file start-v3.txt (compact mmCIF, C-alpha atoms and all ligand atoms)
# COMPACT_ATOMS: atom_id res chain seq x y z
CA MET J 1 64.81 159.09 113.22
CA LYS J 2 61.37 160.65 113.03
CA ARG J 3 61.43 164.44 112.86
CA ASP J 4 58.75 167.09 113.08
CA TYR J 5 58.29 169.54 110.25
CA ALA J 6 56.17 172.61 109.64
CA VAL J 7 55.35 173.94 106.18
CA ILE J 8 54.17 177.54 106.04
CA GLY J 9 52.40 178.44 102.79
CA LEU J 10 50.66 175.73 100.81
CA GLY J 11 51.09 176.92 97.21
CA ARG J 12 52.42 174.46 94.61
CA PHE J 13 55.90 174.35 96.19
CA GLY J 14 54.91 174.21 99.87
CA GLY J 15 52.03 171.88 99.05
CA SER J 16 54.27 169.38 97.32
CA ILE J 17 56.78 169.46 100.22
CA CYS J 18 53.92 168.88 102.65
CA LYS J 19 52.56 165.93 100.62
CA GLU J 20 55.96 164.32 100.18
CA LEU J 21 56.97 164.63 103.85
CA SER J 22 53.59 163.23 104.90
CA SER J 23 53.82 160.33 102.48
CA GLU J 24 57.26 159.55 103.96
CA GLY J 25 55.54 159.18 107.35
CA MET J 26 56.81 162.45 108.86
CA GLN J 27 54.82 164.57 111.28
CA VAL J 28 53.90 167.74 109.41
CA LEU J 29 52.23 170.86 110.72
CA ALA J 30 50.74 172.72 107.74
CA ILE J 31 50.08 176.44 108.14
CA ASP J 32 48.34 178.79 105.73
CA ALA J 33 46.31 181.97 106.06
CA ASP J 34 43.82 180.66 103.53
CA GLU J 35 40.99 178.47 104.86
CA ASP J 36 40.51 176.66 101.52
CA LYS J 37 44.16 175.57 101.53
CA ILE J 38 43.86 174.26 105.07
CA ASN J 39 40.73 172.31 104.13
CA GLU J 40 42.65 170.83 101.21
CA TYR J 41 45.54 169.69 103.45
CA LYS J 42 43.75 168.71 106.65
CA ASN J 43 43.65 165.04 105.63
CA ILE J 44 47.21 165.06 104.29
CA ALA J 45 49.24 166.77 107.05
CA SER J 46 49.26 165.62 110.67
CA HIS J 47 47.84 169.03 111.66
CA ALA J 48 46.62 171.86 109.46
CA VAL J 49 46.07 175.29 110.94
CA ILE J 50 44.74 178.58 109.56
CA ALA J 51 47.17 181.24 110.77
CA ASP J 52 49.03 184.35 109.74
CA SER J 53 52.66 183.33 110.09
CA THR J 54 53.86 186.91 110.50
CA ASP J 55 52.18 186.94 113.91
CA GLU J 56 54.75 185.94 116.52
CA ALA J 57 52.20 185.13 119.25
CA THR J 58 50.36 182.74 116.94
CA LEU J 59 53.51 180.85 115.98
CA LYS J 60 54.53 180.71 119.64
CA ASP J 61 51.13 179.25 120.59
CA LEU J 62 51.55 176.63 117.87
CA GLY J 63 54.78 175.53 119.58
CA ILE J 64 56.80 176.25 116.44
CA LYS J 65 60.09 176.47 118.32
CA ASN J 66 59.89 172.78 119.22
CA ILE J 67 59.63 171.78 115.57
CA ASP J 68 62.86 170.42 114.10
CA HIS J 69 62.61 172.00 110.68
CA VAL J 70 60.36 174.76 109.35
CA ILE J 71 59.91 175.42 105.62
CA VAL J 72 58.68 178.87 104.60
CA ALA J 73 57.08 178.51 101.18
CA ILE J 74 55.37 181.87 100.84
CA GLY J 75 56.19 182.97 97.32
CA ASP J 76 54.61 186.16 96.05
CA ASN J 77 54.30 188.03 99.31
CA ILE J 78 57.99 188.74 99.92
CA GLN J 79 57.23 190.92 102.93
CA ALA J 80 55.31 188.09 104.63
CA SER J 81 58.12 185.66 103.82
CA ILE J 82 60.74 187.96 105.37
CA LEU J 83 58.65 188.76 108.45
CA THR J 84 57.88 185.08 109.01
CA THR J 85 61.60 184.24 108.78
CA VAL J 86 62.43 186.96 111.32
CA VAL J 87 59.79 185.60 113.73
CA LEU J 88 61.14 182.06 113.34
CA THR J 89 64.74 183.11 113.98
CA ASP J 90 63.64 185.22 116.97
CA LEU J 91 61.83 182.21 118.40
CA GLY J 92 65.01 180.15 118.01
CA VAL J 93 63.77 177.59 115.48
CA GLN J 94 66.68 175.19 114.84
CA SER J 95 66.41 174.78 111.12
CA ILE J 96 64.67 177.15 108.71
CA THR J 97 64.44 176.66 104.95
CA VAL J 98 62.93 179.50 102.92
CA LYS J 99 61.89 179.72 99.30
CA ALA J 100 63.27 182.86 97.63
CA GLN J 101 61.44 184.60 94.84
CA ASN J 102 64.49 186.43 93.43
CA ASP J 103 68.17 187.12 94.14
CA TYR J 104 67.45 190.19 96.26
CA HIS J 105 64.98 188.24 98.39
CA GLU J 106 67.60 185.47 98.77
CA LYS J 107 70.23 187.97 99.96
CA ILE J 108 67.91 189.34 102.63
CA LEU J 109 66.89 185.87 103.79
CA ASN J 110 70.54 184.91 104.24
CA ARG J 111 71.20 188.11 106.19
CA ILE J 112 68.30 187.62 108.58
CA GLY J 113 69.34 184.10 109.52
CA ALA J 114 67.54 181.61 107.25
CA HIS J 115 69.60 178.41 107.46
CA GLN J 116 68.88 177.37 103.91
CA VAL J 117 67.50 179.41 101.03
CA VAL J 118 66.11 177.63 98.00
CA HIS J 119 65.31 179.05 94.61
CA PRO J 120 63.39 176.23 92.89
CA GLU J 121 62.34 178.01 89.69
CA ARG J 122 65.84 179.32 88.99
CA ASP J 123 67.54 176.01 89.86
CA MET J 124 65.12 173.98 87.77
CA GLY J 125 65.64 176.40 84.87
CA ILE J 126 69.41 175.84 85.05
CA ARG J 127 68.97 172.05 85.20
CA ILE J 128 66.58 171.95 82.27
CA ALA J 129 68.79 174.27 80.19
CA HIS J 130 71.74 171.90 80.63
CA ASN J 131 69.55 168.93 79.91
CA ILE J 132 68.30 170.38 76.63
CA ILE J 133 71.80 171.35 75.47
CA SER J 134 72.55 167.65 75.14
CA ASN J 135 70.72 164.39 75.69
CA ASN J 136 73.92 163.22 77.37
CA ILE J 137 73.64 165.75 80.21
CA LEU J 138 71.23 164.04 82.58
CA ASP J 139 71.31 166.28 85.59
CA TYR J 140 72.98 169.37 86.94
CA LEU J 141 73.22 170.40 90.56
CA GLU J 142 74.59 173.70 91.78
CA LEU J 143 76.88 173.34 94.84
CA SER J 144 77.76 177.01 95.23
CA ASP J 145 77.80 180.13 93.06
CA ASP J 146 80.64 178.73 91.00
CA HIS J 147 80.79 174.96 91.59
CA SER J 148 78.45 172.19 90.42
CA ILE J 149 77.98 168.47 89.95
CA VAL J 150 76.82 167.08 86.61
CA GLU J 151 75.54 163.66 85.76
CA VAL J 152 76.39 162.78 82.16
CA LYS J 153 76.12 159.79 79.87
CA ALA J 154 79.69 158.95 78.78
CA GLY J 155 78.81 158.71 75.09
CA ALA J 156 80.97 157.94 72.07
CA LYS J 157 83.79 160.42 72.74
CA MET J 158 84.65 158.93 76.12
CA GLY J 159 83.64 155.28 75.61
CA GLY J 160 86.57 152.85 75.35
CA ASN J 161 89.03 155.17 77.12
CA SER J 162 90.32 154.86 80.66
CA LEU J 163 90.09 157.80 83.05
CA VAL J 164 93.85 158.22 82.84
CA GLN J 165 93.68 158.34 79.03
CA LEU J 166 90.92 160.94 79.12
CA ASP J 167 92.94 162.88 81.70
CA ILE J 168 89.82 164.82 82.71
CA ARG J 169 91.35 166.29 85.85
CA ALA J 170 94.44 167.71 84.12
CA GLU J 171 92.67 168.70 80.88
CA TYR J 172 89.48 170.17 82.28
CA GLY J 173 90.12 170.66 86.02
CA CYS J 174 87.14 168.54 87.12
CA ASN J 175 86.89 165.17 88.81
CA VAL J 176 84.91 162.03 88.02
CA VAL J 177 83.72 161.13 91.52
CA ALA J 178 81.59 158.13 90.59
CA ILE J 179 80.57 155.92 87.68
CA LYS J 180 77.10 154.36 87.45
CA ARG J 181 77.02 151.16 85.40
CA GLU J 182 74.18 148.67 85.05
CA GLY J 183 72.59 149.65 88.37
CA ASP J 184 75.88 149.67 90.33
CA ILE J 185 77.77 152.72 91.45
CA ASN J 186 81.55 152.85 91.63
CA VAL J 187 82.57 155.69 93.93
CA SER J 188 86.11 157.09 93.48
CA PRO J 189 86.89 154.99 90.39
CA ALA J 190 90.50 153.95 89.79
CA ALA J 191 92.51 155.84 87.15
CA ASP J 192 92.71 152.77 84.89
CA GLU J 193 88.92 152.27 84.89
CA VAL J 194 87.79 151.95 81.26
CA ILE J 195 84.64 153.95 80.49
CA LYS J 196 81.82 152.37 78.50
CA GLU J 197 79.57 154.46 76.24
CA GLU J 198 76.49 153.72 78.35
CA ASP J 199 78.17 154.61 81.67
CA ILE J 200 76.87 157.54 83.65
CA LEU J 201 79.62 159.73 85.10
CA ILE J 202 79.18 162.00 88.08
CA VAL J 203 81.55 164.91 87.67
CA ILE J 204 82.32 167.69 90.13
CA GLY J 205 84.13 170.94 89.48
CA ALA J 206 84.09 174.68 88.89
CA ASP J 207 81.35 175.80 86.48
CA LYS J 208 83.84 177.13 83.93
CA ASP J 209 85.72 173.79 83.96
CA ILE J 210 82.54 171.73 83.74
CA SER J 211 81.45 173.87 80.82
CA ARG J 212 84.72 173.08 78.94
CA PHE J 213 84.35 169.40 79.80
CA GLU J 214 80.76 169.38 78.47
CA LYS J 215 81.75 171.18 75.27
CA HIS J 216 84.65 168.87 74.45
CA LEU J 217 83.66 165.47 75.77
CA VAL J 218 79.91 165.34 76.35
CA ILE J 219 78.07 167.28 73.67
CA ASP J 220 78.01 165.49 70.32
CA ARG J 221 78.28 167.98 67.51
P1 LIG J 301 53.87 178.41 94.24
O1 LIG J 301 54.58 178.92 93.03
O2 LIG J 301 54.62 177.42 95.03
O3 LIG J 301 52.42 178.06 94.04
P2 LIG J 301 53.19 180.92 95.05
O4 LIG J 301 54.24 181.91 94.73
O5 LIG J 301 51.99 180.86 94.17
O6 LIG J 301 53.87 179.56 95.22
P3 LIG J 301 51.91 182.17 97.08
O7 LIG J 301 50.56 182.12 96.49
O8 LIG J 301 52.63 183.45 97.06
O9 LIG J 301 52.77 181.05 96.51
O10 LIG J 301 51.86 181.71 98.59
C1 LIG J 301 51.74 180.41 98.95
C2 LIG J 301 50.78 180.28 100.10
O11 LIG J 301 51.23 181.07 101.19
C3 LIG J 301 49.36 180.73 99.78
O12 LIG J 301 48.49 179.63 99.93
C4 LIG J 301 49.09 181.81 100.80
O13 LIG J 301 47.77 181.74 101.32
C5 LIG J 301 50.11 181.54 101.88
N1 LIG J 301 50.46 182.74 102.64
C6 LIG J 301 50.81 183.95 102.17
N2 LIG J 301 51.06 184.81 103.18
C7 LIG J 301 50.86 184.11 104.34
C8 LIG J 301 50.95 184.44 105.72
N3 LIG J 301 51.32 185.65 106.15
N4 LIG J 301 50.69 183.47 106.62
C9 LIG J 301 50.34 182.22 106.23
N5 LIG J 301 50.22 181.86 104.93
C10 LIG J 301 50.48 182.79 104.00

call {"tool": "encode", "arguments": {"input": "start-v3.txt", "output": "structure tokens", "more": "lines below"}}
Ligand code: ATP
result
Amino acid sequence: MKRDYAVIGLGRFGGSICKELSSEGMQVLAIDADEDKINEYKNIASHAVIADSTDEATLKDLGIKNIDHVIVAIGDNIQASILTTVVLTDLGVQSITVKAQNDYHEKILNRIGAHQVVHPERDMGIRIAHNIISNNILDYLELSDDHSIVEVKAGAKMGGNSLVQLDIRAEYGCNVVAIKREGDINVSPAADEVIKEEDILIVIGADKDISRFEKHLVIDR
């Protein structure tokens, strides 16, 4: 289904969202207060408009409330980001995603009704940190404050053992939800599935449990 999007703020983050949505064939309204930015995006987005997004009348005139999903990607100017979010919630926009600059900003955005708050620098920092701890940790995705999913290469410690032999759930409190092998993905693998060294396991659990799992079974010391 084709959906309409608006991206407010065309810095590196908002700009890359705008480019990606446009290249996926979505209708994108790009909004920025800076004329140079709008000139840069006028041939990329479906519409590109110079506007101050803290101005309710302007957003109303742009028909923002009929847009399915609005992304607020104003970074440095926290006040403008908060005011814009308030205007969008007041206008009844159905789905609002806002980029937070810090934890305090995130808290306020959640309070004032942002539907999704993203923290790309912090999240990417966490993912890269896990990735550099071990070549076997391929990706790391935070699900909540204390739960995550990791994607790990099985490696020598796990290879040749079945899931029941490794007893990951009982030993470490986390679950192997899928195994990727040679381009295929096996979701909810059986307990007697034998792991190969090159397999990629997708593991879900509490951060403290995942951390024990990584220390004992993933990181080669
Ligand atoms: P990134 O790290 O993604 O580049 P950034 O933190 O550098 O983001 P900013 O420069 O703070 O991002 O803001 C991104 C864009 O938001 C800028 O192009 C700026 O012109 C625009 N912007 C800031 N305030 C407003 C506003 N009130 N209305 C519309 N656009 C705004």

call {"tool": "residues_around", "arguments": {"input": "start-v3.txt", "residues": "Asn43 (chain J)", "least_positions_apart": "6", "cutoff": "12 Å", "atoms": "all atoms listed in the file", "output": "list in words"}}
result
Cys18, Lys19, Ser22, Ser23, Val28, Leu29, Ala30, Lys37 and Val49 of chain J

call {"tool": "write_last_selection", "arguments": {"input": "start-v3.txt", "atoms": "C-alpha atoms", "output": "PDB file, in the frame of the given file"}}
result
ATOM      1  CA  CYS J  18      53.920 168.880 102.650  1.00  0.00           C
ATOM      2  CA  LYS J  19      52.560 165.930 100.620  1.00  0.00           C
ATOM      3  CA  SER J  22      53.590 163.230 104.900  1.00  0.00           C
ATOM      4  CA  SER J  23      53.820 160.330 102.480  1.00  0.00           C
ATOM      5  CA  VAL J  28      53.900 167.740 109.410  1.00  0.00           C
ATOM      6  CA  LEU J  29      52.230 170.860 110.720  1.00  0.00           C
ATOM      7  CA  ALA J  30      50.740 172.720 107.740  1.00  0.00           C
ATOM      8  CA  LYS J  37      44.160 175.570 101.530  1.00  0.00           C
ATOM      9  CA  VAL J  49      46.070 175.290 110.940  1.00  0.00           C
TER      10      VAL J  49
END

call {"tool": "residues_near_ligand", "arguments": {"input": "start-v3.txt", "ligand": "ligand LIG 301 (chain J)", "cutoff": "10 Å", "atoms": "all atoms listed in the file", "output": "VMD selection string"}}
result
chain J and resid 7 to 17 30 to 38 49 to 55 72 to 84 99 to 101 120 to 121

call {"tool": "closest_residue", "arguments": {"input": "start-v3.txt", "among": "J:Ile108, J:Ile71, J:Ala170, J:Ile149", "to": "Ser95 (chain J)", "atoms": "only C-alpha atoms"}}
result
J:Ile71

call {"tool": "closest_residue", "arguments": {"input": "start-v3.txt", "among": "J:His69, J:Glu20, J:Ile133, J:Leu163", "to": "Asp4 (chain J)", "atoms": "all atoms listed in the file"}}
result
J:His69

call {"tool": "atom_distance", "arguments": {"input": "start-v3.txt", "atom1": "CA of Leu21 (chain J)", "atom2": "CA of Thr97 (chain J)"}}
result
14.2 Å

call {"tool": "residues_around", "arguments": {"input": "start-v3.txt", "residues": "Gln165 (chain J)", "least_positions_apart": "3", "cutoff": "12 Å", "atoms": "all atoms listed in the file", "output": "MDAnalysis selection string"}}
result
chainID J and resid 157:162 168:171 191:195

call {"tool": "atom_distance", "arguments": {"input": "start-v3.txt", "atom1": "CA of Asn135 (chain J)", "atom2": "CA of Lys153 (chain J)"}}
result
8.2 Å

call {"tool": "atom_distance", "arguments": {"input": "start-v3.txt", "atom1": "CA of Ile200 (chain J)", "atom2": "CA of Glu151 (chain J)"}}
result
6.6 Å

call {"tool": "residues_around", "arguments": {"input": "start-v3.txt", "residues": "Gly113 (chain J)", "least_positions_apart": "4", "cutoff": "12 Å", "atoms": "all atoms listed in the file", "output": "list in words"}}
result
Ile82, Leu83, Thr84, Thr85, Val86, Val87, Leu88, Thr89, Asp90, Leu91, Gly92, Val93, Gln94, Ser95, Ile96, Thr97, Val98, Glu106, Lys107, Ile108, Leu109 and Val117 of chain J

call {"tool": "residues_around", "arguments": {"input": "start-v3.txt", "residues": "Val187 (chain J)", "least_positions_apart": "4", "cutoff": "8 Å", "atoms": "all atoms listed in the file", "output": "PyMOL selection string"}}
result
chain J and resi 177-179

call {"tool": "residues_around", "arguments": {"input": "start-v3.txt", "residues": "Lys180 (chain J)", "least_positions_apart": "2", "cutoff": "8 Å", "atoms": "all atoms listed in the file", "output": "VMD selection string"}}
result
chain J and resid 178 182 to 186 199 to 202

call {"tool": "closest_residue", "arguments": {"input": "start-v3.txt", "among": "J:Glu40, J:Asp123, J:Asp68, J:Glu214", "to": "Leu143 (chain J)", "atoms": "only C-alpha atoms"}}
result
J:Asp123

call {"tool": "closest_residue", "arguments": {"input": "start-v3.txt", "among": "J:Tyr104, J:Tyr5, J:Phe213, J:Tyr41", "to": "Leu166 (chain J)", "atoms": "all atoms listed in the file"}}
result
J:Phe213

call {"tool": "closest_residue", "arguments": {"input": "start-v3.txt", "among": "J:Ile112, J:Ile44, J:Val203, J:Met124", "to": "Ala154 (chain J)", "atoms": "only C-alpha atoms"}}
result
J:Val203
